[in-house]
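Undergrad: What follows is query02.cif, made up of mmCIF, C-alpha atoms and all ligand atoms:
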data_model
#
loop_
_atom_site.label_atom_id
_atom_site.label_comp_id
_atom_site.auth_asym_id
_atom_site.auth_seq_id
_atom_site.Cartn_x
_atom_site.Cartn_y
_atom_site.Cartn_z
CA MET A 1 28.85 24.10 94.26
CA ILE A 2 27.69 20.54 93.66
CA HIS A 3 28.30 17.23 95.45
CA ALA A 4 30.40 14.28 94.35
CA ILE A 5 31.95 11.15 95.76
CA VAL A 6 35.69 11.77 96.09
CA VAL A 7 38.51 9.31 96.82
CA ASN A 8 41.26 11.20 98.66
CA LYS A 9 43.15 8.03 99.65
CA THR A 10 42.55 4.59 98.15
CA GLY A 11 41.24 1.82 100.38
CA ASP A 12 38.09 0.06 101.55
CA PRO A 13 34.59 1.44 100.79
CA SER A 14 34.98 4.10 103.52
CA ALA A 15 37.40 5.81 101.09
CA LEU A 16 34.31 7.04 99.20
CA ARG A 17 33.53 10.50 100.65
CA TRP A 18 30.52 12.68 99.75
CA GLN A 19 32.02 16.16 99.32
CA SER A 20 31.19 19.60 97.92
CA ILE A 21 33.12 20.50 94.78
CA ASP A 22 33.07 23.42 92.36
CA THR A 23 30.42 23.26 89.66
CA PRO A 24 32.28 21.85 86.63
CA GLU A 25 32.72 24.28 83.71
CA PRO A 26 33.23 22.86 80.21
CA LYS A 27 36.54 23.54 78.43
CA THR A 28 36.84 23.71 74.65
CA GLY A 29 35.31 20.60 73.10
CA GLU A 30 33.51 19.63 76.30
CA VAL A 31 29.98 19.80 77.68
CA THR A 32 28.67 19.77 81.26
CA VAL A 33 26.19 17.00 81.95
CA ASN A 34 23.80 17.07 84.94
CA THR A 35 23.74 13.47 86.13
CA THR A 36 20.42 11.62 86.41
CA ALA A 37 21.80 8.10 86.98
CA VAL A 38 25.18 6.43 87.53
CA GLY A 39 25.99 2.80 86.74
CA LEU A 40 27.97 0.87 89.36
CA ASN A 41 30.79 -1.24 87.91
CA PHE A 42 33.26 -3.65 89.44
CA ILE A 43 36.10 -1.62 87.94
CA ASP A 44 35.07 1.22 90.31
CA THR A 45 36.21 -1.02 93.18
CA TYR A 46 39.61 -1.61 91.50
CA HIS A 47 40.07 2.18 91.24
CA ARG A 48 38.91 2.78 94.82
CA ARG A 49 41.24 0.06 96.20
CA GLY A 50 44.21 1.12 94.09
CA LEU A 51 44.41 -2.16 92.12
CA TYR A 52 44.29 0.00 88.97
CA PRO A 53 46.31 3.02 90.22
CA ILE A 54 44.83 6.51 89.75
CA GLU A 55 46.32 9.72 91.06
CA THR A 56 44.36 10.98 94.11
CA PRO A 57 42.13 12.83 94.75
CA PHE A 58 39.75 11.54 92.09
CA ILE A 59 36.03 11.16 91.42
CA PRO A 60 35.37 7.52 90.51
CA GLY A 61 32.85 6.10 88.05
CA VAL A 62 32.89 5.15 84.38
CA GLU A 63 29.18 5.11 83.45
CA SER A 64 26.69 7.95 83.85
CA VAL A 65 23.72 9.42 82.06
CA GLY A 66 22.26 12.91 82.21
CA LEU A 67 21.21 16.10 80.49
CA ILE A 68 23.55 18.58 78.85
CA SER A 69 23.45 21.79 80.89
CA LYS A 70 26.39 23.75 79.40
CA ILE A 71 28.19 23.61 76.09
CA GLY A 72 31.85 24.56 75.66
CA ARG A 73 33.44 26.25 72.66
CA GLY A 74 33.89 24.26 69.49
CA VAL A 75 31.14 21.74 70.26
CA SER A 76 28.63 20.99 67.51
CA GLY A 77 25.88 18.41 67.15
CA TYR A 78 24.58 18.82 70.71
CA LYS A 79 22.12 21.22 72.35
CA LEU A 80 21.11 22.02 75.92
CA GLY A 81 18.86 19.32 77.37
CA ASP A 82 20.14 16.47 75.16
CA ARG A 83 20.15 13.11 76.97
CA VAL A 84 23.60 11.58 76.77
CA ALA A 85 25.73 8.80 78.21
CA CYS A 86 29.30 9.36 79.45
CA VAL A 87 31.07 6.01 79.26
CA SER A 88 34.56 4.89 80.26
CA GLU A 89 37.26 7.59 80.21
CA PRO A 90 37.61 10.23 81.52
CA MET A 91 36.22 8.82 84.78
CA GLY A 92 34.19 10.97 87.16
CA ALA A 93 30.65 9.59 87.01
CA TYR A 94 29.99 9.74 90.79
CA ALA A 95 29.01 13.42 90.72
CA GLU A 96 25.83 15.49 90.50
CA ALA A 97 27.33 17.07 87.37
CA ARG A 98 30.47 16.47 85.32
CA THR A 99 32.25 17.67 82.20
CA PHE A 100 32.87 15.27 79.34
CA PRO A 101 34.47 15.52 75.86
CA ALA A 102 31.65 15.93 73.33
CA ALA A 103 33.48 13.62 70.92
CA ARG A 104 33.05 10.72 73.36
CA LEU A 105 29.36 11.25 74.24
CA LEU A 106 26.65 8.84 73.13
CA LYS A 107 23.11 10.10 72.47
CA ILE A 108 20.50 7.90 74.09
CA PRO A 109 17.61 6.70 71.89
CA LYS A 110 14.19 8.06 72.99
CA ASP A 111 12.80 4.64 73.90
CA ILE A 112 15.61 3.86 76.38
CA THR A 113 15.19 5.48 79.81
CA ASP A 114 18.04 7.19 81.67
CA ARG A 115 18.07 4.43 84.26
CA THR A 116 18.21 1.65 81.70
CA ALA A 117 20.96 3.48 79.80
CA ALA A 118 23.04 3.98 82.96
CA SER A 119 22.68 0.25 83.70
CA MET A 120 23.73 -0.97 80.28
CA MET A 121 26.30 1.26 78.58
CA LEU A 122 29.65 0.12 79.96
CA LYS A 123 28.41 -3.39 80.80
CA GLY A 124 26.58 -3.79 77.50
CA LEU A 125 29.47 -2.46 75.41
CA THR A 126 31.72 -4.91 77.25
CA ALA A 127 29.32 -7.76 76.46
CA ALA A 128 29.18 -6.61 72.82
CA MET A 129 32.97 -6.49 72.66
CA LEU A 130 33.22 -10.02 74.10
CA ALA A 131 30.47 -11.61 71.98
CA ARG A 132 31.16 -9.82 68.67
CA ARG A 133 34.78 -8.65 68.58
CA VAL A 134 37.07 -10.56 70.98
CA TYR A 135 35.37 -13.80 69.94
CA LYS A 136 32.48 -14.18 67.49
CA ILE A 137 30.01 -16.41 69.30
CA LYS A 138 28.41 -18.80 66.80
CA LYS A 139 25.01 -20.43 66.63
CA GLY A 140 25.03 -23.99 67.95
CA GLU A 141 28.23 -23.83 70.00
CA THR A 142 28.41 -24.26 73.76
CA ILE A 143 30.18 -21.59 75.80
CA LEU A 144 30.99 -20.92 79.46
CA ILE A 145 30.38 -17.55 81.13
CA HIS A 146 31.62 -17.09 84.70
CA ALA A 147 29.71 -14.82 87.13
CA ALA A 148 26.91 -14.98 84.60
CA ALA A 149 24.28 -13.37 86.86
CA GLY A 150 26.41 -10.22 87.27
CA GLY A 151 26.04 -6.95 85.37
CA VAL A 152 28.14 -7.91 82.33
CA GLY A 153 27.36 -11.63 82.70
CA LEU A 154 23.60 -11.29 82.39
CA ILE A 155 23.87 -9.16 79.23
CA LEU A 156 26.47 -11.48 77.69
CA THR A 157 24.29 -14.52 78.47
CA GLN A 158 21.31 -12.97 76.67
CA TRP A 159 23.48 -11.90 73.73
CA ALA A 160 24.85 -15.44 73.33
CA LYS A 161 21.33 -16.90 73.56
CA ALA A 162 20.09 -14.46 70.89
CA ILE A 163 22.87 -15.71 68.58
CA GLY A 164 21.79 -19.30 69.23
CA ALA A 165 24.59 -20.59 71.49
CA THR A 166 24.13 -22.98 74.40
CA VAL A 167 25.14 -21.08 77.53
CA ILE A 168 26.61 -22.60 80.67
CA GLY A 169 26.85 -19.98 83.42
CA THR A 170 28.48 -20.09 86.83
CA VAL A 171 27.02 -18.26 89.84
CA GLY A 172 27.66 -17.99 93.57
CA SER A 173 24.16 -18.46 95.03
CA THR A 174 20.81 -20.20 94.55
CA ALA A 175 19.01 -16.89 94.00
CA LYS A 176 21.47 -15.99 91.23
CA ALA A 177 21.05 -19.45 89.69
CA ARG A 178 17.28 -19.00 89.57
CA LEU A 179 17.56 -15.57 88.00
CA LEU A 180 20.13 -16.68 85.43
CA LYS A 181 17.88 -19.56 84.32
CA SER A 182 15.01 -17.11 83.88
CA TYR A 183 17.25 -15.08 81.52
CA GLY A 184 17.80 -18.08 79.27
CA ALA A 185 20.97 -19.85 80.45
CA ASP A 186 20.80 -23.53 79.50
CA HIS A 187 22.88 -24.85 82.41
CA VAL A 188 23.79 -23.12 85.66
CA ILE A 189 26.63 -24.20 87.92
CA ASN A 190 26.88 -22.93 91.50
CA TYR A 191 30.68 -22.89 91.65
CA LYS A 192 30.63 -22.46 95.42
CA ARG A 193 29.11 -25.93 95.70
CA GLN A 194 30.07 -27.74 92.50
CA ASP A 195 33.43 -28.33 90.84
CA PHE A 196 32.82 -26.43 87.61
CA VAL A 197 35.52 -28.28 85.61
CA ARG A 198 33.99 -31.68 86.39
CA THR A 199 30.50 -30.38 85.63
CA ILE A 200 31.65 -29.03 82.24
CA ASP A 201 33.18 -32.45 81.46
CA ARG A 202 29.88 -34.10 82.35
CA LEU A 203 27.74 -31.63 80.40
CA THR A 204 29.92 -31.81 77.27
CA HIS A 205 30.74 -35.55 77.51
CA LYS A 206 34.39 -34.47 77.86
CA ARG A 207 34.27 -32.69 74.49
CA LYS A 208 34.89 -29.40 76.33
CA LEU A 209 34.37 -25.84 75.01
CA PRO A 210 35.69 -23.50 72.32
CA VAL A 211 35.65 -20.43 74.60
CA VAL A 212 35.45 -19.43 78.28
CA PHE A 213 34.55 -15.85 79.31
CA ASP A 214 36.19 -15.36 82.69
CA SER A 215 35.76 -12.20 84.76
CA VAL A 216 36.47 -13.88 88.09
CA GLY A 217 40.27 -14.17 87.72
CA ASP A 218 42.21 -15.80 90.53
CA ALA A 219 39.52 -18.18 91.84
CA THR A 220 38.67 -19.68 88.43
CA PHE A 221 42.32 -20.08 87.36
CA PRO A 222 43.54 -22.55 86.14
CA GLY A 223 40.16 -24.37 86.12
CA SER A 224 38.93 -22.30 83.19
CA LEU A 225 41.79 -23.62 81.05
CA ASP A 226 40.71 -27.20 81.82
CA CYS A 227 37.26 -26.48 80.32
CA LEU A 228 38.70 -25.69 76.87
CA LYS A 229 39.11 -27.93 73.82
CA PRO A 230 42.49 -27.94 72.07
CA ARG A 231 43.07 -24.50 70.53
CA GLY A 232 40.19 -23.03 72.59
CA LEU A 233 40.20 -19.39 73.73
CA TRP A 234 40.36 -18.22 77.34
CA VAL A 235 39.02 -14.68 77.56
CA THR A 236 40.19 -13.38 80.93
CA TYR A 237 38.58 -9.95 81.23
CA GLY A 238 38.25 -9.21 84.97
CA ASN A 239 39.60 -9.76 88.48
CA ALA A 240 36.52 -9.99 90.72
CA SER A 241 38.25 -12.53 93.02
CA GLY A 242 41.74 -11.05 92.51
CA PRO A 243 44.17 -10.92 89.58
CA VAL A 244 45.23 -14.13 87.83
CA PRO A 245 48.68 -15.10 89.16
CA ALA A 246 51.72 -15.12 86.91
CA PHE A 247 52.10 -18.43 85.04
CA ALA A 248 54.36 -20.04 82.45
CA PRO A 249 53.07 -19.94 78.84
CA LEU A 250 54.00 -23.63 78.64
CA ILE A 251 50.73 -24.35 80.50
CA LEU A 252 48.83 -23.19 77.40
CA MET A 253 50.67 -25.80 75.31
CA GLN A 254 50.22 -28.57 77.87
CA LYS A 255 46.48 -27.97 78.11
CA GLY A 256 45.94 -28.08 74.34
CA SER A 257 47.69 -25.26 72.44
CA LEU A 258 45.23 -22.83 74.02
CA PHE A 259 44.84 -19.14 73.20
CA MET A 260 44.47 -16.45 75.82
CA THR A 261 43.44 -12.81 75.56
CA ARG A 262 43.13 -10.10 78.22
CA PRO A 263 40.91 -7.45 76.57
CA LEU A 264 40.00 -3.97 77.83
CA LEU A 265 36.94 -2.18 76.46
CA ASN A 266 38.82 1.12 76.01
CA HIS A 267 41.05 -0.46 73.39
CA TYR A 268 38.03 -1.68 71.41
CA ILE A 269 36.24 1.70 71.41
CA ALA A 270 39.26 3.99 71.02
CA LYS A 271 38.40 4.85 67.38
CA PRO A 272 35.15 6.89 67.14
CA GLU A 273 33.81 4.73 64.29
CA ASP A 274 34.39 1.50 66.27
CA TYR A 275 32.74 3.09 69.32
CA ALA A 276 29.67 4.24 67.38
CA LYS A 277 29.28 0.85 65.67
CA LEU A 278 29.50 -1.15 68.90
CA ALA A 279 26.99 1.21 70.56
CA ARG A 280 24.59 0.82 67.59
CA GLU A 281 24.77 -2.97 67.92
CA LEU A 282 24.03 -2.74 71.65
CA PHE A 283 21.12 -0.29 71.27
CA SER A 284 19.65 -2.47 68.53
CA MET A 285 19.73 -5.63 70.69
CA VAL A 286 18.05 -3.79 73.58
CA ARG A 287 15.47 -1.98 71.45
CA LYS A 288 14.32 -5.16 69.73
CA GLY A 289 13.94 -6.84 73.14
CA ALA A 290 16.66 -9.48 72.61
CA ILE A 291 18.37 -8.17 75.75
CA GLN A 292 16.59 -7.02 78.92
CA ILE A 293 18.47 -4.92 81.44
CA PRO A 294 17.38 -5.85 84.95
CA ILE A 295 18.10 -3.10 87.49
CA LYS A 296 18.21 -5.10 90.69
CA GLN A 297 19.70 -2.62 93.16
CA ILE A 298 19.31 1.15 93.46
CA TYR A 299 21.29 3.19 96.02
CA SER A 300 21.58 6.89 96.62
CA LEU A 301 24.89 8.17 95.18
CA LYS A 302 25.68 9.53 98.65
CA ASP A 303 25.55 5.91 99.83
CA ALA A 304 28.10 4.63 97.29
CA LYS A 305 30.14 3.01 100.06
CA ARG A 306 27.26 0.61 100.86
CA ALA A 307 26.87 -0.20 97.15
CA HIS A 308 30.60 -1.00 96.88
CA ALA A 309 30.51 -3.18 99.99
CA ASP A 310 27.52 -5.13 98.63
CA LEU A 311 29.12 -5.56 95.19
CA GLU A 312 32.35 -6.85 96.70
CA ALA A 313 30.43 -9.16 99.06
CA ARG A 314 28.77 -10.75 95.96
CA LYS A 315 25.34 -9.60 97.15
CA THR A 316 24.30 -7.85 93.92
CA ILE A 317 22.61 -9.40 90.89
CA GLY A 318 22.52 -7.90 87.39
CA SER A 319 22.95 -4.11 87.18
CA THR A 320 23.14 -1.60 90.03
CA LEU A 321 22.40 2.14 89.93
CA LEU A 322 23.50 5.08 92.08
CA ILE A 323 21.07 7.99 91.96
CA PRO A 324 22.25 11.54 92.79
N1 LIG B 1 37.93 -5.86 80.46
C1 LIG B 1 37.01 -4.93 80.40
O1 LIG B 1 37.06 -4.03 79.56
C2 LIG B 1 35.89 -4.95 81.39
C3 LIG B 1 34.84 -4.03 81.30
C4 LIG B 1 33.79 -4.12 82.22
C5 LIG B 1 33.82 -5.08 83.21
N2 LIG B 1 34.88 -5.92 83.29
C6 LIG B 1 34.94 -6.96 84.33
O2 LIG B 1 33.76 -7.72 84.24
C7 LIG B 1 33.45 -8.24 85.52
C8 LIG B 1 32.00 -7.97 85.81
O3 LIG B 1 31.80 -6.60 86.09
P1 LIG B 1 30.42 -6.11 86.68
O4 LIG B 1 30.57 -4.68 86.97
O5 LIG B 1 29.32 -6.60 85.82
O6 LIG B 1 30.37 -6.88 88.10
P2 LIG B 1 29.44 -8.10 88.54
O7 LIG B 1 29.66 -9.26 87.63
O8 LIG B 1 28.06 -7.61 88.70
O9 LIG B 1 30.03 -8.42 89.97
C9 LIG B 1 31.12 -9.27 90.12
C10 LIG B 1 30.68 -10.72 90.33
O10 LIG B 1 31.83 -11.54 90.35
C11 LIG B 1 31.57 -12.71 91.09
N3 LIG B 1 32.67 -13.03 91.99
C12 LIG B 1 33.32 -14.21 92.03
N4 LIG B 1 34.24 -14.20 92.99
C13 LIG B 1 34.17 -13.01 93.60
C14 LIG B 1 34.87 -12.44 94.71
N5 LIG B 1 35.84 -13.11 95.37
N6 LIG B 1 34.55 -11.19 95.10
C15 LIG B 1 33.59 -10.51 94.44
N7 LIG B 1 32.90 -11.00 93.38
C16 LIG B 1 33.18 -12.26 92.97
C17 LIG B 1 30.27 -12.44 91.89
O11 LIG B 1 29.23 -13.22 91.29
P3 LIG B 1 28.94 -14.69 91.90
O12 LIG B 1 28.56 -14.49 93.34
O13 LIG B 1 27.84 -15.22 91.06
O14 LIG B 1 30.22 -15.45 91.78
C18 LIG B 1 30.03 -10.96 91.69
O15 LIG B 1 28.64 -10.65 91.72
C19 LIG B 1 34.43 -7.63 86.52
O16 LIG B 1 35.47 -8.56 86.76
C20 LIG B 1 34.96 -6.43 85.75
O17 LIG B 1 36.23 -6.06 86.14
C21 LIG B 1 35.90 -5.87 82.40
#
Let me see the structure of the file written as structure tokens.
TA:
Amino acid sequence: MIHAIVVNKTGDPSALRWQSIDTPEPKTGEVTVNTTAVGLNFIDTYHRRGLYPIETPFIPGVESVGLISKIGRGVSGYKLGDRVACVSEPMGAYAEARTFPAARLLKIPKDITDRTAASMMLKGLTAAMLARRVYKIKKGETILIHAAAGGVGLILTQWAKAIGATVIGTVGSTAKARLLKSYGADHVINYKRQDFVRTIDRLTHKRKLPVVFDSVGDATFPGSLDCLKPRGLWVTYGNASGPVPAFAPLILMQKGSLFMTRPLLNHYIAKPEDYAKLARELFSMVRKGAIQIPIKQIYSLKDAKRAHADLEARKTIGSTLLIP
């Protein structure tokens, strides 16, 4: 037997129960991975709460790293002891060990530790998707990133800076503002205290922006649209404050023939070649030091409910790990 966090009924963080489960055995095409570190992600809270419905009971978690301990039939290219990352689907990262399809594993380069890898795979691939696929950030342009001191936000900020963009980031506290500045953001707006739309107008002399990366959702809508130039792109990729309410497409015309996209990482890494290429780009940025991955909070996996409560209370900065 091993231990895992199980959600038997969706709800508040107390829904996360530390339980004994059978040791997972790999089926054909799968391996078993003994977990060394789990990355905490905001999407885990959507699953736990039932915002993104999953059949119960389930083991949450979309980002873990560990060592291969068993290899199922039909698997080639991997051996016992290989260090691998299990990212996105199938979920089930909050466990001392898990099975995972070999075709979806990523091998971790030697110079990246397990803890760094578990802090950067899902968040970093998301940042890569946003900066390089959903929109190609260009040198010299000014962009807005909401919740820029968060896990994804801090990586995206550094990626945009490495390209040569001017980054305006929003944050919810003075400590986050200080940290974000130290990671290269050019302008930081505390959107709890300042009206971010007016500040963007002031900073850009009303010229506004070509793109807004918005993971906050409800609380930054429709303000984010008012930060865009005509034909600008609103990338709404998360719901940290709640889902964006339904609205009439006419608003996009009225505010300047705007574009909107609602991307999901899974759709950008569905093809193995796209997945491998995006991962190579991420590893390269981290290995050459263009992106640092700050691990600011570490909890025991058993204590996942405290980690969820802190994440939802906006107490975390950068990446957070759960250690089995
Ligand atoms: N579309 C995709 O494929 C994809 C993939 C990965 C992640 N995401 C999304 O990206 C976002 C960031 O994920 P993450 O794991 O890195 O989380 P995170 O950014 O570390 O945490 C969420 C942050 O959102 C901000 N926030 C604003 N209003 C909030 C509210 N009412 N309640 C809670 N937080 C609020 C907080 O920062 P401040 O205090 O600074 O405001 C908080 O720290 C999430 O929305 C997630 O769903 C999307």
Undergrad: Could you report the residues within 7 Å of ligand LIG 1 (chain B), using all atoms listed in the file, as a PyMOL selection string?
TA: chain A and resi 40-43+122-123+126+147-153+170-173+176+215-216+219+237-242+263-266+311-319
Undergrad: Using only C-alpha atoms, find the one residue out of A:Thr56, A:Ser257, A:Thr157, A:Thr99 that sits nearest to Gln292 in chain A.
TA: A:Thr157
Undergrad: For Arg133 in chain A, work out the shell of residues within 12 Å, counting all atoms listed in the file and skipping chain neighbours fewer than 3 positions away, then give it as a ChimeraX atom specification.
TA: /A:125-130,136-137,235,261,263-265,267-269,274-275,277-278,281
Undergrad: Quick one, how far is CA of Asp22 in chain A from CA of His3 in chain A?
TA: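 Answer for the CA of Asp22 in chain A to CA of His3 in chain A separation: 8.4 Å.
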Undergrad: With all atoms listed in the file as the atoms that count, which of A:Ala37, A:Val134, A:Val84, A:Ile163 lies nearest to Ile291 in chain A?
TA: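 Closest to Ile291 in chain A of all the choices is A:Ile163.
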Undergrad: Show me, as lines of an AutoDock Vina configuration file, the centre and edge lengths in Å to one decimal of the axis-aligned box that covers every listed atom of range 127-136 of chain A with 6 Å on each side.
TA:
center_x = 33.1
center_y = -10.3
center_z = 72.0
size_x = 19.9
size_y = 19.7
size_z = 21.0
Undergrad: Is there a way to complete range 132-144 of chain A with N, CA and C atoms and then write that out as an mmCIF file, in the coordinates of the input?
TA:
data_model
loop_
_atom_site.group_PDB
_atom_site.id
_atom_site.type_symbol
_atom_site.label_atom_id
_atom_site.label_comp_id
_atom_site.auth_asym_id
_atom_site.auth_seq_id
_atom_site.Cartn_x
_atom_site.Cartn_y
_atom_site.Cartn_z
ATOM 1 N N ARG A 132 31.116 -10.159 70.105
ATOM 2 C CA ARG A 132 31.160 -9.820 68.670
ATOM 3 C C ARG A 132 32.544 -9.445 68.155
ATOM 4 N N ARG A 133 33.470 -9.100 69.050
ATOM 5 C CA ARG A 133 34.780 -8.650 68.580
ATOM 6 C C ARG A 133 35.907 -9.566 69.090
ATOM 7 N N VAL A 134 35.981 -9.735 70.425
ATOM 8 C CA VAL A 134 37.070 -10.560 70.980
ATOM 9 C C VAL A 134 36.929 -11.990 70.459
ATOM 10 N N TYR A 135 35.702 -12.471 70.456
ATOM 11 C CA TYR A 135 35.370 -13.800 69.940
ATOM 12 C C TYR A 135 34.008 -13.662 69.285
ATOM 13 N N LYS A 136 33.804 -14.241 68.139
ATOM 14 C CA LYS A 136 32.480 -14.180 67.490
ATOM 15 C C LYS A 136 31.712 -15.421 67.898
ATOM 16 N N ILE A 137 30.796 -15.260 68.849
ATOM 17 C CA ILE A 137 30.010 -16.410 69.300
ATOM 18 C C ILE A 137 29.161 -16.896 68.122
ATOM 19 N N LYS A 138 29.138 -18.241 67.958
ATOM 20 C CA LYS A 138 28.410 -18.800 66.800
ATOM 21 C C LYS A 138 27.213 -19.619 67.258
ATOM 22 N N LYS A 139 26.210 -19.640 66.410
ATOM 23 C CA LYS A 139 25.010 -20.430 66.630
ATOM 24 C C LYS A 139 25.408 -21.894 66.804
ATOM 25 N N GLY A 140 24.822 -22.553 67.790
ATOM 26 C CA GLY A 140 25.030 -23.990 67.950
ATOM 27 C C GLY A 140 26.215 -24.377 68.818
ATOM 28 N N GLU A 141 27.101 -23.436 69.149
ATOM 29 C CA GLU A 141 28.230 -23.830 70.000
ATOM 30 C C GLU A 141 27.901 -23.620 71.471
ATOM 31 N N THR A 142 28.643 -24.351 72.310
ATOM 32 C CA THR A 142 28.410 -24.260 73.760
ATOM 33 C C THR A 142 29.546 -23.458 74.373
ATOM 34 N N ILE A 143 29.172 -22.489 75.216
ATOM 35 C CA ILE A 143 30.180 -21.590 75.800
ATOM 36 C C ILE A 143 29.998 -21.516 77.321
ATOM 37 N N LEU A 144 31.064 -21.103 78.006
ATOM 38 C CA LEU A 144 30.990 -20.920 79.460
ATOM 39 C C LEU A 144 31.168 -19.438 79.801
#
